[in-house]
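K.L.:
File input20.cif below, mmCIF, C-alpha atoms and all ligand atoms:
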data_model
#
loop_
_atom_site.label_atom_id
_atom_site.label_comp_id
_atom_site.auth_asym_id
_atom_site.auth_seq_id
_atom_site.Cartn_x
_atom_site.Cartn_y
_atom_site.Cartn_z
CA MET A 1 1.40 17.22 -77.48
CA ILE A 2 1.97 20.67 -75.95
CA GLU A 3 -1.46 21.77 -76.99
CA LYS A 4 -3.04 18.59 -75.69
CA LEU A 5 -1.27 19.18 -72.38
CA GLU A 6 -2.60 22.74 -72.17
CA ASN A 7 -6.14 21.48 -72.72
CA LEU A 8 -5.65 18.83 -70.03
CA LEU A 9 -4.36 21.42 -67.62
CA LYS A 10 -7.38 23.66 -68.23
CA GLU A 11 -9.78 20.74 -67.79
CA ALA A 12 -8.02 19.57 -64.64
CA SER A 13 -8.04 22.96 -62.93
CA SER A 14 -11.68 23.52 -63.80
CA GLU A 15 -12.65 20.03 -62.47
CA ILE A 16 -10.57 20.42 -59.35
CA SER A 17 -11.96 23.84 -58.53
CA LYS A 18 -15.48 22.41 -58.75
CA ALA A 19 -14.78 19.61 -56.28
CA ASP A 20 -16.73 20.27 -53.10
CA SER A 21 -15.09 17.72 -50.80
CA LYS A 22 -11.67 16.47 -49.84
CA GLU A 23 -12.56 13.01 -51.16
CA LYS A 24 -13.43 14.39 -54.59
CA VAL A 25 -10.16 16.35 -54.78
CA LEU A 26 -8.22 13.21 -53.91
CA LEU A 27 -10.05 11.23 -56.60
CA LEU A 28 -9.16 13.91 -59.20
CA LYS A 29 -5.56 13.87 -57.99
CA THR A 30 -5.41 10.14 -58.76
CA ARG A 31 -7.08 10.68 -62.12
CA TYR A 32 -4.64 13.34 -63.32
CA VAL A 33 -1.32 12.83 -61.56
CA GLY A 34 -1.68 9.26 -60.17
CA ARG A 35 0.66 6.47 -61.26
CA LYS A 36 -1.76 5.39 -63.99
CA GLY A 37 -3.26 8.86 -64.53
CA GLU A 38 -3.48 11.15 -67.55
CA ILE A 39 -0.07 12.76 -67.04
CA ALA A 40 1.51 9.30 -66.81
CA SER A 41 0.12 8.40 -70.24
CA PHE A 42 1.76 11.54 -71.73
CA LEU A 43 5.07 10.32 -70.28
CA LYS A 44 4.53 6.99 -71.99
CA ASP A 45 3.99 8.73 -75.35
CA LEU A 46 7.21 10.70 -74.93
CA GLY A 47 9.28 7.86 -76.44
CA GLY A 48 7.40 8.13 -79.78
CA LEU A 49 8.38 11.77 -80.34
CA PRO A 50 11.34 12.84 -82.51
CA ALA A 51 14.44 13.35 -80.40
CA GLU A 52 14.54 17.15 -80.86
CA GLU A 53 11.00 17.58 -79.45
CA ARG A 54 11.43 15.25 -76.49
CA LYS A 55 13.17 17.68 -74.16
CA ALA A 56 10.62 20.48 -74.50
CA ALA A 57 7.72 18.01 -74.25
CA GLY A 58 9.19 16.42 -71.12
CA GLU A 59 9.57 19.83 -69.49
CA ALA A 60 5.98 20.76 -70.38
CA ILE A 61 4.66 17.49 -68.85
CA ASN A 62 6.53 18.17 -65.59
CA ARG A 63 5.25 21.75 -65.46
CA ALA A 64 1.66 20.53 -65.96
CA LYS A 65 2.13 17.89 -63.25
CA ASP A 66 3.50 20.47 -60.81
CA ALA A 67 0.70 22.88 -61.55
CA ILE A 68 -1.99 20.22 -60.92
CA GLU A 69 -0.29 19.03 -57.72
CA LYS A 70 -0.02 22.59 -56.39
CA GLU A 71 -3.68 23.23 -57.09
CA VAL A 72 -4.63 19.97 -55.30
CA GLU A 73 -2.51 20.90 -52.24
CA ARG A 74 -4.00 24.39 -52.09
CA LEU A 75 -7.53 23.01 -52.12
CA LEU A 76 -6.79 20.29 -49.58
CA ALA A 77 -5.25 22.87 -47.21
CA GLY A 78 -8.43 24.94 -47.57
CA PHE A 79 -10.61 21.96 -46.61
CA ASP A 80 -8.38 21.24 -43.57
CA GLU A 81 -8.64 24.86 -42.42
CA ARG A 82 -12.42 24.85 -42.71
CA GLU A 83 -12.67 21.50 -40.85
CA LYS A 84 -10.52 22.84 -38.02
CA ALA A 85 -12.55 26.04 -37.74
CA LEU A 86 -15.78 24.05 -37.64
CA LEU A 87 -14.38 21.74 -34.94
CA LEU A 88 -13.35 24.73 -32.83
CA LYS A 89 -16.86 26.14 -33.10
CA THR A 90 -18.81 22.96 -32.36
CA ASP A 91 -16.53 20.77 -30.27
CA ARG A 92 -16.69 22.57 -26.91
CA VAL A 93 -15.64 21.01 -23.55
CA ASP A 94 -18.65 20.67 -21.28
CA VAL A 95 -17.24 21.85 -17.98
CA THR A 96 -20.44 20.87 -16.18
CA LEU A 97 -19.91 17.12 -16.85
CA PRO A 98 -19.12 15.20 -13.63
CA GLY A 99 -15.51 13.93 -13.41
CA ARG A 100 -14.55 10.25 -13.47
CA ARG A 101 -14.53 8.79 -9.96
CA VAL A 102 -11.16 7.56 -8.64
CA PRO A 103 -11.82 4.52 -6.44
CA LEU A 104 -10.50 5.23 -2.95
CA GLY A 105 -8.36 2.65 -1.14
CA LYS A 106 -8.85 1.86 2.54
CA ARG A 107 -6.34 1.32 5.29
CA HIS A 108 -6.07 -2.30 6.43
CA PRO A 109 -8.06 -2.91 9.66
CA VAL A 110 -4.84 -4.00 11.42
CA THR A 111 -3.18 -0.69 10.40
CA GLN A 112 -6.24 1.21 11.62
CA VAL A 113 -6.04 -0.42 15.07
CA MET A 114 -2.27 0.03 15.19
CA ASP A 115 -2.71 3.76 14.45
CA SER A 116 -5.40 4.16 17.15
CA VAL A 117 -3.23 2.38 19.72
CA GLU A 118 -0.24 4.58 18.87
CA ALA A 119 -2.40 7.73 19.06
CA ILE A 120 -3.78 6.84 22.52
CA PHE A 121 -0.34 6.07 23.99
CA SER A 122 1.20 9.17 22.40
CA GLY A 123 -1.53 11.11 24.21
CA LEU A 124 -0.41 9.45 27.45
CA GLY A 125 3.16 10.67 26.90
CA PHE A 126 4.74 7.50 25.43
CA ASP A 127 7.51 7.71 22.79
CA ILE A 128 7.67 5.26 19.87
CA ALA A 129 10.67 2.92 19.42
CA GLU A 130 11.44 0.20 16.88
CA GLY A 131 13.53 -2.94 16.77
CA PRO A 132 14.47 -5.51 14.09
CA GLU A 133 12.15 -8.38 13.10
CA VAL A 134 15.15 -10.63 12.50
CA GLU A 135 16.45 -10.57 16.05
CA LEU A 136 19.21 -12.00 18.17
CA ASP A 137 18.31 -14.79 20.57
CA TYR A 138 19.92 -12.55 23.19
CA TYR A 139 17.31 -9.73 22.98
CA ASN A 140 14.31 -11.98 22.30
CA PHE A 141 15.07 -14.38 25.18
CA GLU A 142 18.29 -14.14 27.17
CA ALA A 143 18.11 -10.47 28.16
CA LEU A 144 14.50 -11.11 29.18
CA ASN A 145 15.48 -13.63 31.83
CA LEU A 146 15.03 -16.58 29.48
CA PRO A 147 18.39 -18.39 29.34
CA LYS A 148 18.94 -21.09 26.67
CA ASP A 149 17.65 -23.98 28.78
CA HIS A 150 14.65 -22.14 30.26
CA PRO A 151 11.48 -24.25 29.93
CA ALA A 152 9.34 -21.13 29.31
CA ARG A 153 10.98 -20.78 25.85
CA ASP A 154 8.51 -23.47 24.80
CA MET A 155 5.63 -21.02 25.44
CA GLN A 156 6.43 -19.45 22.08
CA ASP A 157 7.12 -21.70 19.10
CA THR A 158 10.05 -19.96 17.50
CA PHE A 159 11.23 -19.73 13.87
CA TYR A 160 15.02 -20.00 14.19
CA ILE A 161 17.38 -18.79 11.45
CA ASN A 162 20.39 -20.24 13.24
CA GLU A 163 21.28 -20.86 16.86
CA GLU A 164 21.74 -17.18 17.67
CA VAL A 165 19.34 -15.53 15.19
CA LEU A 166 15.56 -15.87 14.98
CA LEU A 167 12.35 -14.14 13.88
CA ARG A 168 11.31 -12.25 16.99
CA THR A 169 8.44 -13.95 18.79
CA HIS A 170 7.34 -10.80 20.62
CA THR A 171 7.98 -7.06 20.67
CA SER A 172 9.35 -7.49 24.20
CA ALA A 173 12.73 -7.83 22.43
CA VAL A 174 12.68 -4.04 22.01
CA GLN A 175 12.69 -3.55 25.83
CA PRO A 176 16.33 -4.51 26.48
CA ARG A 177 17.42 -2.77 23.26
CA VAL A 178 15.97 0.57 24.41
CA MET A 179 16.99 0.14 28.08
CA GLU A 180 20.55 -0.67 27.07
CA ARG A 181 20.98 2.69 25.31
CA GLU A 182 18.77 4.98 27.43
CA ARG A 183 18.42 5.78 31.11
CA PRO A 184 15.13 6.14 33.06
CA PRO A 185 12.66 7.79 33.18
CA LEU A 186 11.31 5.89 30.15
CA ARG A 187 7.82 5.74 28.66
CA VAL A 188 8.02 3.83 25.41
CA ILE A 189 5.80 1.86 23.04
CA ALA A 190 7.24 -0.42 20.37
CA PRO A 191 4.79 -1.48 17.63
CA GLY A 192 5.77 -4.21 15.17
CA THR A 193 5.43 -7.56 13.47
CA VAL A 194 6.20 -10.80 15.29
CA TYR A 195 6.33 -14.47 14.24
CA ARG A 196 5.39 -17.81 15.81
CA ARG A 197 4.69 -21.32 14.61
CA ASP A 198 0.99 -20.96 15.41
CA SER A 199 -2.18 -21.18 13.30
CA ASP A 200 -5.89 -21.41 14.19
CA ILE A 201 -8.85 -19.01 14.37
CA THR A 202 -7.21 -16.86 17.07
CA HIS A 203 -3.54 -17.41 16.07
CA THR A 204 -1.57 -16.65 12.88
CA PRO A 205 2.15 -17.30 12.20
CA MET A 206 2.73 -13.59 11.60
CA PHE A 207 0.92 -11.04 13.72
CA HIS A 208 1.37 -7.62 15.31
CA GLN A 209 2.05 -6.52 18.83
CA VAL A 210 2.54 -3.22 20.58
CA GLU A 211 4.95 -3.40 23.48
CA GLY A 212 4.75 -0.74 26.14
CA PHE A 213 6.95 -0.07 29.15
CA MET A 214 7.49 2.59 31.75
CA VAL A 215 10.54 2.76 34.04
CA ASP A 216 11.16 5.30 36.77
CA LYS A 217 11.55 5.62 40.53
CA GLY A 218 8.40 4.44 42.30
CA VAL A 219 6.43 2.95 39.36
CA ARG A 220 3.83 0.56 40.82
CA PHE A 221 1.43 -2.14 39.65
CA SER A 222 -1.43 0.32 40.20
CA ASP A 223 0.18 2.58 37.53
CA LEU A 224 0.11 -0.33 35.09
CA LYS A 225 -3.52 -1.04 35.90
CA GLY A 226 -4.47 2.63 35.60
CA ILE A 227 -2.73 3.14 32.25
CA LEU A 228 -4.13 -0.07 30.73
CA THR A 229 -7.67 0.62 31.97
CA GLN A 230 -7.53 4.16 30.61
CA PHE A 231 -6.22 2.83 27.26
CA LEU A 232 -8.84 0.09 26.95
CA HIS A 233 -11.67 2.47 27.84
CA GLU A 234 -10.49 4.91 25.18
CA LEU A 235 -10.24 2.12 22.60
CA PHE A 236 -13.38 0.07 23.35
CA GLY A 237 -15.56 2.52 25.34
CA GLU A 238 -16.19 2.91 29.08
CA ASN A 239 -18.71 0.05 29.32
CA THR A 240 -16.47 -2.72 27.94
CA GLY A 241 -15.87 -5.63 30.27
CA ILE A 242 -12.15 -5.89 31.21
CA ARG A 243 -10.51 -8.38 33.56
CA PHE A 244 -6.98 -8.74 34.93
CA ARG A 245 -5.91 -12.34 35.54
CA PRO A 246 -2.74 -13.48 37.32
CA SER A 247 -0.31 -15.04 34.88
CA PHE A 248 3.36 -15.86 34.36
CA PHE A 249 6.09 -14.34 32.20
CA PRO A 250 9.77 -14.85 33.01
CA PHE A 251 10.48 -11.15 32.41
CA THR A 252 7.76 -9.74 34.72
CA GLU A 253 6.93 -10.37 38.37
CA PRO A 254 4.10 -10.24 39.26
CA SER A 255 2.52 -10.90 35.85
CA ALA A 256 -1.00 -10.58 34.53
CA GLU A 257 -3.04 -11.13 31.42
CA VAL A 258 -5.92 -8.91 30.40
CA ASP A 259 -9.09 -10.20 28.78
CA ILE A 260 -11.89 -8.32 27.05
CA ARG A 261 -15.53 -9.48 27.06
CA CYS A 262 -16.03 -11.39 23.82
CA VAL A 263 -17.98 -9.15 21.43
CA ILE A 264 -18.81 -12.03 19.10
CA CYS A 265 -21.09 -13.73 21.67
CA SER A 266 -21.41 -10.87 24.23
CA GLY A 267 -19.91 -13.18 26.82
CA SER A 268 -22.26 -16.14 26.48
CA GLY A 269 -19.51 -18.33 24.99
CA CYS A 270 -18.56 -19.10 21.35
CA ARG A 271 -15.79 -20.72 19.30
CA VAL A 272 -13.72 -17.51 19.30
CA CYS A 273 -13.57 -17.24 23.12
CA LYS A 274 -13.63 -21.02 23.40
CA GLY A 275 -16.79 -20.85 25.51
CA SER A 276 -15.24 -18.65 28.22
CA GLY A 277 -16.89 -15.35 27.23
CA TRP A 278 -13.49 -13.60 27.33
CA LEU A 279 -10.67 -13.05 24.82
CA GLU A 280 -7.08 -12.52 25.95
CA ILE A 281 -5.56 -9.44 24.35
CA LEU A 282 -2.41 -8.68 26.32
CA GLY A 283 0.23 -9.84 28.72
CA ALA A 284 1.73 -7.49 31.31
CA GLY A 285 3.53 -7.18 34.63
CA MET A 286 6.21 -5.44 36.70
CA ILE A 287 9.61 -5.70 34.96
CA HIS A 288 11.69 -8.45 36.59
CA PRO A 289 14.76 -7.22 38.59
CA GLU A 290 16.88 -9.67 36.55
CA VAL A 291 16.01 -7.76 33.34
CA PHE A 292 17.10 -4.51 35.01
CA ARG A 293 20.39 -6.04 36.13
CA THR A 294 21.13 -7.22 32.56
CA VAL A 295 20.74 -3.66 31.20
CA LYS A 296 22.64 -2.22 34.19
CA TYR A 297 19.72 -0.50 35.91
CA ASP A 298 19.71 -0.75 39.72
CA PRO A 299 16.51 -2.65 40.66
CA GLU A 300 16.70 -1.07 44.14
CA GLU A 301 16.44 2.36 42.56
CA TYR A 302 14.07 1.79 39.62
CA THR A 303 10.85 -0.11 39.09
CA GLY A 304 8.79 -0.39 35.94
CA PHE A 305 5.92 -2.11 34.20
CA ALA A 306 5.63 -3.62 30.72
CA PHE A 307 2.82 -4.96 28.57
CA GLY A 308 2.44 -6.56 25.14
CA LEU A 309 -0.81 -6.14 23.17
CA GLY A 310 -2.00 -8.44 20.39
CA ILE A 311 -3.22 -6.07 17.66
CA GLU A 312 -5.18 -8.65 15.59
CA ARG A 313 -7.06 -9.78 18.70
CA ILE A 314 -8.05 -6.16 19.37
CA ALA A 315 -9.09 -5.75 15.72
CA MET A 316 -11.22 -8.94 16.01
CA LEU A 317 -13.05 -7.50 19.01
CA LYS A 318 -13.37 -4.00 17.61
CA PHE A 319 -14.80 -5.13 14.27
CA GLY A 320 -16.55 -8.34 15.39
CA ILE A 321 -14.42 -10.68 13.23
CA ASP A 322 -14.63 -14.36 14.19
CA ASP A 323 -11.54 -15.68 12.41
CA LEU A 324 -8.19 -13.92 12.77
CA ARG A 325 -6.81 -15.50 9.57
CA LEU A 326 -9.26 -13.37 7.48
CA PHE A 327 -7.01 -10.35 8.09
CA PHE A 328 -4.25 -11.89 6.00
CA GLU A 329 -6.20 -13.48 3.14
CA ASN A 330 -6.33 -10.11 1.33
CA ASP A 331 -9.86 -10.67 0.05
CA ILE A 332 -10.80 -7.23 -1.23
CA ARG A 333 -14.51 -7.85 -0.35
CA PHE A 334 -13.51 -8.35 3.28
CA LEU A 335 -11.07 -5.43 3.42
CA ARG A 336 -13.54 -2.95 1.80
CA GLN A 337 -15.84 -3.22 4.82
CA PHE A 338 -13.57 -1.29 7.16
C1 LIG B 1 3.88 -12.05 25.03
O1 LIG B 1 4.16 -12.06 23.82
C2 LIG B 1 4.59 -11.18 25.96
N1 LIG B 1 5.75 -10.65 25.34
C3 LIG B 1 3.68 -10.07 26.45
C4 LIG B 1 4.25 -9.30 27.59
C5 LIG B 1 4.93 -8.14 27.36
C6 LIG B 1 4.12 -9.76 28.88
C7 LIG B 1 5.47 -7.42 28.39
C8 LIG B 1 4.66 -9.08 29.94
C9 LIG B 1 5.31 -7.89 29.69
P1 LIG B 1 1.83 -13.61 24.75
O2 LIG B 1 2.50 -14.74 24.13
O3 LIG B 1 0.71 -13.92 25.69
O4 LIG B 1 2.82 -12.67 25.52
O5 LIG B 1 1.25 -12.67 23.60
C10 LIG B 1 0.71 -11.39 23.86
C11 LIG B 1 -0.56 -11.18 23.03
O6 LIG B 1 -0.28 -11.40 21.65
C12 LIG B 1 -1.64 -12.18 23.38
O7 LIG B 1 -2.40 -11.70 24.45
C13 LIG B 1 -2.45 -12.21 22.11
O8 LIG B 1 -3.35 -11.11 22.08
C14 LIG B 1 -1.42 -12.00 21.03
N2 LIG B 1 -1.02 -13.25 20.36
C15 LIG B 1 -0.21 -14.24 20.83
N3 LIG B 1 -0.02 -15.19 19.92
C16 LIG B 1 -0.71 -14.80 18.82
C17 LIG B 1 -0.90 -15.35 17.50
N4 LIG B 1 -0.28 -16.45 17.10
N5 LIG B 1 -1.68 -14.67 16.63
C18 LIG B 1 -2.26 -13.52 16.99
N6 LIG B 1 -2.12 -12.94 18.20
C19 LIG B 1 -1.35 -13.57 19.10
#
Now that the file is in, can you turn its structure into structure tokens?
P.N.:
Amino acid sequence: MIEKLENLLKEASSEISKADSKEKVLLLKTRYVGRKGEIASFLKDLGGLPAEERKAAGEAINRAKDAIEKEVERLLAGFDEREKALLLKTDRVDVTLPGRRVPLGKRHPVTQVMDSVEAIFSGLGFDIAEGPEVELDYYNFEALNLPKDHPARDMQDTFYINEEVLLRTHTSAVQPRVMERERPPLRVIAPGTVYRRDSDITHTPMFHQVEGFMVDKGVRFSDLKGILTQFLHELFGENTGIRFRPSFFPFTEPSAEVDIRCVICSGSGCRVCKGSGWLEILGAGMIHPEVFRTVKYDPEEYTGFAFGLGIERIAMLKFGIDDLRLFFENDIRFLRQF
């Protein structure tokens, strides 16, 4: 058996050394040292040997097996090395290939308008303030000269949380909050989200406003008109049609609303401007003395103006959109256009 084993070992190492691929080496490995290979058949024959020969024969089989396995491993390692070297030579990174494009997101048109409005008023010396969206009835109405039984509360359909807490219906609620904690002179804008039970092509239940107010000694209606005209010219261009209309708000006296020439129909009348040729974008006026008394400012000493802009309405006019609800449908095809 020992002799037979030596012959097998010779044959195996000669065969293995001739193998010119990894696959061939692996096939020979199976043939010689696999579970049903040549070495395995020697192990089977071991039982037929006289007891005194078995030990030496067993040791010789194991030695032969080890030798073949070592030879196989050595050759396989050689193939791996050569493969790696070849890969390093041929598989170069082409640094001239163009990179993969990362699709760029866009800012929402409402955010874009909000940012422009903030930038223009910052340039005019206004500071930015914020207030809560879940607001007390007191700041949203009472402190603005709208006591509980005031009929003008019906002008804004309110979402109430309970009798004293609501979703703010306008950013005007920030006015008494700021005035309560600061003294004039004040030049403040307060951008934010507001809520009303409203829905049609020019109204949505959630929308954005920017409140603005200025309080000092000797502030006049002409200051309000000057600031708003300057702002609207910067935003829409010098040639845009603007009109001031008398109006009513319980927290301003006198009050006005400002309209912009409808860009959808250029003023000839359409469903957006309801045939009038104009679209209302803001309410404004001189702050009511009652509001000043509530925040402990002396109305004999200070005067001030305030205004509240509808951001979606401005975005409609700026981008020529004929249905305000489109801004909130989150259709990516619509949003990509801005
Ligand atoms: C007010 O909200 C007042 N607080 C504005 C104000 C501030 C007046 C300071 C005086 C002094 P009004 O309800 O008109 O007013 O709304 C102001 C603007 O918000 C409107 O001109 C319009 O552009 C916009 N707006 C009102 N309701 C909606 C709505 N449901 N959806 C979208 N925009 C709206």
K.L.:
Tell me which residues come within 12 Å of (-1.9, -3.1, 36.1), as JSON, numbers by chain, counting all atoms listed in the file in the file's coordinates.
P.N.:
{"A": [213, 214, 219, 220, 221, 222, 223, 224, 225, 226, 227, 228, 229, 230, 231, 232, 242, 243, 244, 245, 246, 252, 253, 254, 255, 256, 257, 258, 282, 283, 284, 285, 286, 287, 304, 305, 306, 307]}
K.L.:
Between A:Gly241, A:Ala19, A:Ile128, A:Ile39, which has the minimum distance to Asp115 in chain A (counting all atoms listed in the file)?
P.N.:
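Using all atoms listed in the file, Asp115 in chain A sits closest to A:Ile128.
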K.L.:
Of the residues A:Lys296, A:Arg181, A:Arg100, A:Arg187, which is the one nearest to Ser122 in chain A, using all atoms listed in the file?
P.N.:
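Smallest separation from Ser122 in chain A among the options: A:Arg187.
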K.L.:
Please compute the atom C11 of ligand LIG 1 (chain B)-CA of Gln209 in chain A distance, one decimal, in Å.
P.N.:
6.8 Å
K.L.:
Edge lengths and centre, in Å to one decimal, as lines of an AutoDock Vina configuration file: that's what I need for the box along x, y and z that holds all listed atoms of ligand LIG 1 (chain B) plus 3 Å on each side.
P.N.:
center_x = 1.2
center_y = -11.9
center_z = 23.3
size_x = 15.1
size_y = 15.0
size_z = 19.3
K.L.:
Could you list, as a VMD selection string, all protein and nucleic acid residues with an atom at most 9 Å from ligand LIG 1 (chain B), counting all atoms listed in the file?
P.N.:
chain A and resid 155 to 156 169 to 173 175 194 to 213 248 to 253 255 to 259 279 to 287 305 to 314 324 to 325
K.L.:
Please determine the residues with any atom at most 7 Å from (15.0, -3.5, 17.7) (coordinates as given in the file, with only C-alpha atoms counting) and report them as a list in words.
P.N.:
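Residues with an atom close enough to that point: Glu130, Gly131, Pro132, Ala173, Val174 and Arg177 of chain A.
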K.L.:
Would you mind reading off the distance between CA of Arg54 in chain A and CA of Glu6 in chain A, one decimal, in Å?
P.N.:
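Computing the Euclidean distance for CA of Arg54 in chain A and CA of Glu6 in chain A yields 16.5 Å.
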K.L.:
With distances taken over only C-alpha atoms, which of A:Ile2, A:Leu86, A:Ile189, A:Cys270 is nearest to Lys55 in chain A?
P.N.:
A:Ile2
K.L.:
Tell me, in Å to one decimal, how far CA of Phe141 in chain A is from CA of Pro185 in chain A.
P.N.:
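Between CA of Phe141 in chain A and CA of Pro185 in chain A the gap is 23.7 Å.
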K.L.:
Given the choices A:Glu52, A:Glu69, A:Asp20, A:Asp45, which gets closest to Val33 in chain A if the distance is worked out from only C-alpha atoms?
P.N.:
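Between A:Glu52, A:Glu69, A:Asp20, A:Asp45, the residue approaching Val33 in chain A most closely is A:Glu69.
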